[in-house]
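model.cif follows (mmCIF, C-alpha atoms and all ligand atoms):
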```
data_structure
loop_
_atom_site.label_atom_id
_atom_site.label_comp_id
_atom_site.auth_asym_id
_atom_site.auth_seq_id
_atom_site.Cartn_x
_atom_site.Cartn_y
_atom_site.Cartn_z
CA MET A 1 -32.93 -24.20 -15.87
CA LEU A 2 -31.62 -26.09 -12.86
CA VAL A 3 -28.03 -25.34 -13.86
CA ALA A 4 -28.87 -21.62 -14.22
CA GLY A 5 -30.50 -21.66 -10.79
CA ILE A 6 -27.50 -23.32 -9.18
CA GLY A 7 -25.22 -20.86 -10.99
CA LEU A 8 -27.20 -17.90 -9.67
CA LEU A 9 -27.16 -19.29 -6.14
CA LEU A 10 -23.41 -19.81 -6.36
CA PHE A 11 -22.92 -16.26 -7.67
CA CYS A 12 -25.00 -14.84 -4.78
CA PHE A 13 -23.00 -16.87 -2.28
CA VAL A 14 -19.65 -15.70 -3.69
CA ALA A 15 -20.83 -12.06 -3.84
CA PHE A 16 -22.04 -12.25 -0.22
CA TYR A 17 -18.80 -13.89 0.93
CA ALA A 18 -16.69 -11.29 -0.90
CA SER A 19 -18.53 -8.40 0.78
CA TYR A 20 -18.96 -9.75 4.27
CA SER A 21 -15.69 -11.63 4.78
CA ILE A 22 -12.92 -9.09 5.14
CA SER A 23 -10.36 -11.87 4.71
CA SER A 24 -11.70 -12.78 1.24
CA GLY A 25 -9.50 -10.08 -0.30
CA VAL A 26 -11.78 -9.80 -3.33
CA TYR A 27 -12.35 -6.03 -3.19
CA VAL A 28 -9.74 -4.96 -0.67
CA LYS A 29 -6.49 -6.50 0.45
CA ALA A 30 -6.79 -6.60 4.21
CA VAL A 31 -4.20 -7.74 6.69
CA CYS A 32 -5.89 -10.40 8.81
CA ARG A 33 -3.05 -12.48 10.23
CA ILE A 34 0.75 -12.61 9.98
CA PRO A 35 1.78 -16.24 10.59
CA ALA A 36 5.47 -15.28 10.24
CA ALA A 37 5.15 -13.24 13.43
CA GLY A 38 5.43 -16.45 15.46
CA LYS A 39 4.03 -16.52 19.00
CA SER A 40 2.79 -12.95 18.80
CA VAL A 41 -0.79 -11.72 18.58
CA ALA A 42 -2.30 -8.24 18.21
CA LEU A 43 -5.30 -6.90 20.09
CA THR A 44 -7.68 -4.56 18.30
CA PHE A 45 -10.68 -2.71 19.74
CA ASP A 46 -13.48 -1.32 17.58
CA ASP A 47 -16.29 1.20 17.96
CA GLY A 48 -14.86 3.46 20.69
CA VAL A 49 -14.20 5.67 22.26
CA ASN A 50 -16.66 5.28 25.10
CA PRO A 51 -16.26 7.61 28.11
CA GLU A 52 -17.38 4.90 30.53
CA THR A 53 -15.84 1.64 29.28
CA THR A 54 -12.70 2.70 27.34
CA PRO A 55 -10.91 3.97 30.50
CA TRP A 56 -11.44 0.57 32.16
CA VAL A 57 -9.92 -1.14 29.15
CA LEU A 58 -6.97 1.25 29.17
CA ASP A 59 -6.43 0.62 32.90
CA ILE A 60 -6.23 -3.17 32.34
CA LEU A 61 -3.85 -2.75 29.40
CA ARG A 62 -1.63 -0.47 31.47
CA LYS A 63 -1.67 -2.88 34.42
CA HIS A 64 -0.38 -5.71 32.20
CA GLY A 65 1.90 -3.58 30.01
CA VAL A 66 -0.04 -4.61 26.89
CA LYS A 67 -0.42 -2.36 23.83
CA ALA A 68 -3.40 -2.51 21.47
CA ALA A 69 -4.89 -0.79 18.44
CA PHE A 70 -8.12 1.20 18.86
CA PHE A 71 -10.26 1.61 15.74
CA VAL A 72 -12.16 4.71 16.71
CA ILE A 73 -15.28 6.32 15.28
CA GLY A 74 -14.70 9.98 14.34
CA GLU A 75 -17.80 11.47 15.93
CA LYS A 76 -16.98 9.70 19.22
CA VAL A 77 -13.46 11.10 19.02
CA ASP A 78 -14.88 14.61 18.69
CA ALA A 79 -17.09 13.94 21.73
CA CYS A 80 -14.21 12.64 23.91
CA PRO A 81 -10.90 13.98 22.57
CA GLY A 82 -9.16 13.65 25.94
CA LEU A 83 -9.67 9.90 25.91
CA VAL A 84 -8.14 9.61 22.44
CA GLU A 85 -5.18 11.67 23.59
CA ARG A 86 -4.77 9.21 26.50
CA ILE A 87 -4.81 6.23 24.10
CA ALA A 88 -1.98 7.77 22.08
CA ARG A 89 -0.05 8.92 25.17
CA GLU A 90 -0.10 5.40 26.62
CA GLY A 91 1.54 4.00 23.49
CA HIS A 92 -1.42 2.40 21.75
CA SER A 93 -2.12 2.62 18.06
CA ILE A 94 -5.15 4.49 16.73
CA GLY A 95 -6.97 3.24 13.64
CA ASN A 96 -9.69 4.86 11.53
CA HIS A 97 -13.15 3.24 11.71
CA SER A 98 -15.02 5.93 9.68
CA TYR A 99 -16.63 9.08 11.06
CA PHE A 100 -20.21 7.91 11.64
CA HIS A 101 -20.03 4.09 11.40
CA ARG A 102 -23.47 3.93 9.82
CA ASN A 103 -24.62 0.69 8.27
CA THR A 104 -25.13 2.63 5.02
CA PHE A 105 -21.38 3.33 4.76
CA PRO A 106 -20.76 0.64 2.09
CA LEU A 107 -23.61 2.08 -0.01
CA ARG A 108 -22.15 5.59 -0.19
CA ARG A 109 -20.36 7.07 -3.18
CA THR A 110 -16.58 6.64 -3.14
CA SER A 111 -16.03 10.39 -2.72
CA LYS A 112 -18.32 10.45 0.34
CA MET A 113 -16.46 7.49 1.85
CA VAL A 114 -13.17 9.31 1.30
CA ASP A 115 -14.62 12.42 2.99
CA GLU A 116 -15.70 10.32 5.96
CA ILE A 117 -12.33 8.62 6.31
CA LYS A 118 -10.62 12.02 6.16
CA ALA A 119 -13.04 13.46 8.72
CA CYS A 120 -12.11 10.68 11.13
CA ASP A 121 -8.41 11.31 10.43
CA ALA A 122 -8.91 15.00 11.20
CA ALA A 123 -10.74 14.21 14.46
CA VAL A 124 -7.93 11.90 15.59
CA TYR A 125 -5.28 14.43 14.58
CA GLY A 126 -7.10 17.16 16.49
CA ALA A 127 -7.28 15.01 19.61
CA ALA A 128 -3.96 13.18 19.58
CA GLY A 129 -1.71 14.82 16.97
CA THR A 130 -1.42 11.62 15.00
CA VAL A 131 -3.07 10.32 11.82
CA PRO A 132 -4.23 6.69 11.62
CA ARG A 133 -2.21 4.42 9.39
CA PHE A 134 -4.90 1.72 9.38
CA PHE A 135 -8.53 1.72 8.32
CA ARG A 136 -11.12 -0.86 9.27
CA PRO A 137 -14.40 -0.60 7.33
CA PRO A 138 -17.56 -0.41 9.46
CA PHE A 139 -18.87 -3.96 10.06
CA GLY A 140 -15.92 -5.26 8.00
CA VAL A 141 -18.02 -4.91 4.85
CA THR A 142 -16.16 -4.27 1.61
CA ASN A 143 -17.17 -3.71 -2.01
CA PRO A 144 -15.58 -2.06 -5.07
CA MET A 145 -16.38 1.47 -3.78
CA VAL A 146 -14.77 0.75 -0.41
CA GLY A 147 -11.76 -0.62 -2.31
CA LYS A 148 -11.47 2.61 -4.30
CA ALA A 149 -11.85 4.79 -1.21
CA VAL A 150 -9.12 2.86 0.55
CA ARG A 151 -6.75 3.23 -2.40
CA ARG A 152 -7.44 6.98 -2.56
CA THR A 153 -6.68 7.49 1.12
CA GLY A 154 -3.62 5.22 1.09
CA LYS A 155 -4.71 3.36 4.21
CA ILE A 156 -3.73 -0.16 5.16
CA VAL A 157 -6.92 -2.13 5.74
CA ALA A 158 -6.82 -4.05 8.98
CA GLY A 159 -9.07 -7.07 9.27
CA TRP A 160 -8.86 -9.82 11.86
CA SER A 161 -8.38 -13.57 12.15
CA ILE A 162 -10.36 -13.96 15.38
CA ARG A 163 -13.81 -12.42 15.57
CA SER A 164 -14.62 -12.66 19.26
CA LEU A 165 -18.36 -12.02 18.81
CA ASP A 166 -18.14 -10.07 22.08
CA THR A 167 -21.10 -7.96 20.96
CA MET A 168 -23.50 -10.91 21.06
CA GLY A 169 -24.18 -10.69 24.80
CA LYS A 170 -22.76 -14.14 25.54
CA PRO A 171 -21.08 -14.92 28.90
CA VAL A 172 -17.44 -13.84 29.09
CA GLU A 173 -16.28 -17.46 29.53
CA LYS A 174 -17.89 -18.47 26.23
CA THR A 175 -16.31 -15.58 24.35
CA LEU A 176 -12.96 -16.37 25.92
CA ALA A 177 -13.21 -20.04 24.90
CA ARG A 178 -14.01 -19.01 21.32
CA ILE A 179 -10.90 -16.80 21.16
CA GLU A 180 -8.65 -19.39 22.82
CA HIS A 181 -9.78 -22.06 20.36
CA ARG A 182 -8.75 -19.85 17.43
CA LEU A 183 -5.37 -18.65 18.78
CA ARG A 184 -2.69 -19.01 16.09
CA ASP A 185 0.69 -17.45 15.38
CA GLY A 186 0.30 -13.83 14.29
CA ALA A 187 -3.43 -13.66 15.03
CA ILE A 188 -5.33 -10.38 15.03
CA ILE A 189 -8.09 -10.39 17.66
CA LEU A 190 -11.22 -8.26 17.22
CA LEU A 191 -12.78 -6.90 20.42
CA HIS A 192 -14.99 -3.91 21.25
CA ASP A 193 -14.11 -1.41 23.98
CA ASP A 194 -17.65 -0.01 24.17
CA ARG A 195 -19.07 -3.11 25.89
CA ALA A 196 -19.89 -3.12 29.61
CA ASN A 197 -17.95 -6.39 30.10
CA ALA A 198 -14.97 -5.38 27.91
CA ALA A 199 -12.59 -4.95 30.85
CA CYS A 200 -13.64 -8.24 32.45
CA LEU A 201 -13.09 -10.13 29.18
CA LEU A 202 -9.75 -8.41 28.61
CA GLU A 203 -8.44 -9.26 32.08
CA LYS A 204 -9.15 -12.97 31.51
CA LEU A 205 -7.93 -12.89 27.91
CA VAL A 206 -4.55 -11.42 28.83
CA GLU A 207 -4.02 -14.23 31.34
CA CYS A 208 -5.17 -16.90 28.88
CA VAL A 209 -2.97 -15.68 26.01
CA HIS A 210 0.10 -15.49 28.25
CA GLU A 211 -0.58 -18.99 29.62
CA ARG A 212 -0.65 -20.29 26.05
CA GLY A 213 2.84 -18.87 25.51
CA TYR A 214 1.88 -15.97 23.25
CA LYS A 215 2.85 -12.33 23.68
CA PHE A 216 0.93 -9.23 22.68
CA VAL A 217 2.45 -6.86 20.17
CA LEU A 218 1.11 -3.72 18.52
CA LEU A 219 -0.54 -4.29 15.16
CA ASP A 220 2.20 -2.14 13.60
CA GLU A 221 4.85 -4.42 15.07
CA LEU A 222 3.01 -7.57 14.00
CA LEU A 223 3.07 -6.38 10.39
CA GLY A 224 6.78 -5.61 10.54
CA GLY A 225 8.05 -4.79 7.09
CA GLU A 226 5.42 -6.87 5.30
CA TYR A 227 3.18 -3.96 4.39
CA PRO A 228 4.05 -0.56 3.00
CA LEU A 229 3.09 2.44 5.07
CA GLY A 230 -0.26 4.03 4.44
CA GLY A 231 -0.44 7.50 2.95
CA GLY A 232 -2.65 9.24 5.52
CA ILE A 233 -3.90 12.59 4.28
CA ALA A 234 -2.17 15.37 2.40
CA GLY A 235 0.28 17.31 4.50
CA PHE A 236 0.94 14.52 6.97
CA ASP A 237 4.05 12.39 7.22
CA ALA A 238 2.84 8.85 6.53
CA LYS A 239 5.63 7.34 8.58
CA THR A 240 5.11 9.27 11.80
CA GLY A 241 1.51 10.37 11.23
CA ARG A 242 2.54 13.91 12.17
CA LYS A 243 2.40 17.16 10.26
ZN ZN A 301 -17.43 -1.31 14.08
#
```
Do you think you could lay out the structure here as structure tokens?
Amino acid sequence: MLVAGIGLLLFCFVAFYASYSISSGVYVKAVCRIPAAGKSVALTFDDGVNPETTPWVLDILRKHGVKAAFFVIGEKVDACPGLVERIAREGHSIGNHSYFHRNTFPLRRTSKMVDEIKACDAAVYGAAGTVPRFFRPPFGVTNPMVGKAVRRTGKIVAGWSIRSLDTMGKPVEKTLARIEHRLRDGAIILLHDDRANAACLLEKLVECVHERGYKFVLLDELLGGEYPLGGGIAGFDAKTGRK
């Protein structure tokens, strides 16, 4: 009885870890860090675009000549297409973060997930003329259905190696210290551009990363030739993301 109980507990723990840790790779192979990239790190921003805070983030990136990847939510893209066009025009990468970003996303049928990923692709294409190569599941949650949806859409799943926890409302200095402590070769840093203090954190982070001898590169560049290109959606060139 005790052994069965321990076994069940262990199973629950493994199942939870597999779903909620994007780096577990149980259901989906996600790129989380490329150690071979040396002293390079990639910045990624989730949950935009936000008409108020995203422009501040873009201004800081432009000031420092840093490029980043923005994992955008489709319905926000449709609400602010001009901002998405600016992201692309300024040389950043645009990733797919689903159309609605609801917490029920991982519970949907595979076909509905595929529809949502395609709807976000279409929104980005309409705004910026490019189709995302990367997909990041809402909340980083994966399961067998998410795995199937990803395979059907041909996306590369982008995880992270540094979760900044910038959504927890902690002081910028604390968030910065957490990121600095976890800096490693080829790290992928997860931030959110829809936070009021996003620009303030970014300004300090850029300085800190440079002081530590690292440089920022686009996620695409960090991956180099290690990952095959994603498929995008029918009718689009997977390499350029254009029709
Ligand atoms: Zn998100």
Check: Quick one: distance from atom CA of A:Arg151 to atom CA of A:His101 in Å, one decimal?
Finding: 19.2 Å
Check: When the cut-off is 10 Å and you count only C-alpha atoms and all ligand atoms, which residues lie near ligand ZN 301 (chain A), shown as a list of chain:residue names?
Finding: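 Based on only C-alpha atoms and all ligand atoms, ligand ZN 301 (chain A) is surrounded within 10 Å by A:Phe45, A:Asp46, A:Asp47, A:Gly48, A:Phe71, A:Val72, A:Ile73, A:His97, A:Ser98, A:Phe100, A:His101, A:Arg102, A:Asn103, A:Arg136, A:Pro137, A:Pro138, A:Phe139, A:Gly140, A:Val141, A:Leu190, A:Leu191, A:His192.
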Notebook entry, point to check: Please, what distance in Å, to one decimal, runs between atom CA of A:Phe134 and atom CA of A:His64?
Noted result: 24.4 Å
Item checked: Separation of atom CA of A:Ile188 from atom CA of A:Ser161 in Å ->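 So the answer is 5.3 Å.
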Checklist line | Pick from A:Gly147, A:Gly74, A:Gly25, A:Pro55, whichever lies nearest to A:Gly95 using only C-alpha atoms | finding: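 Residue with the minimum atom-to-atom distance to A:Gly95: A:Gly74.
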Next item on the list: Write out as a ChimeraX atom specification the residues lying within 12 Å of A:Ala149, counting all atoms listed in the file and excluding same-chain residues fewer than 3 positions away.
Entry: /A:27-28,98,105-106,108-118,135-137,142-146,152-157
Checklist line | From A:Phe216, A:Trp56, A:Trp160, A:Phe70, residue lying nearest A:Ala199 [all atoms listed in the file] | finding: A:Trp56
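If you measure from each of A:Ile22, A:Gly91, A:Leu218, A:Asp194 to A:Thr53 using only C-alpha atoms, the closest one turns out to be A:Asp194.
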Could you work out an axis-aligned bounding box for all listed atoms of stretch 175-181 of chain A, with 4 Å added on each of the six sides, and give its centre and edge lengths in Å to one decimal, as lines of an AutoDock Vina configuration file?
```
center_x = -12.5
center_y = -18.8
center_z = 23.1
size_x = 15.7
size_y = 14.5
size_z = 13.6
```
Checklist line | Residue contacts of A:Pro171 (12 Å, only C-alpha atoms) excluding same-chain residues fewer than 4 positions away, as a ChimeraX atom specification | finding: /A:164-167,175-178,196-198,200-201
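Near A:Lys39, within a cut-off of 7 Å and counting all atoms listed in the file, sit the residues Asp185, Gly186, Tyr214 and Lys215 of chain A, with same-chain residues fewer than 5 positions away left out.
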Checklist line | Top pick for closest residue to A:Lys170, considering A:Arg195, A:Ile87, A:Glu221, A:Leu43 and counting all atoms listed in the file | finding: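 Closest candidate: A:Arg195.
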Next item on the list: Pick out the closest residue to A:Gly65 from this set: A:Val217, A:Val31, A:Ala158, A:Val124. Count only C-alpha atoms.
Entry: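 Smallest distance to A:Gly65 is found for A:Val217.
Compared by their closest atoms to A:Cys32, and using all atoms listed in the file, the residues A:His181, A:Arg212, A:Thr44, A:Pro81 rank with A:Thr44 nearest.
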Next item on the list: Considering only C-alpha atoms, return as a count of residues only whatever protein or nucleic-acid residues lie within 10 Å of A:Val77, sequence-local ones (same chain, fewer than 4 positions apart) excluded.
Entry: 20
Note to self: Could you list, as a ChimeraX atom specification, every residue within 12 Å of A:Pro35, counting all atoms listed in the file and ignoring same-chain residues fewer than 5 positions away?
What the structure shows: /A:40-42,161,183-188,222-224,226
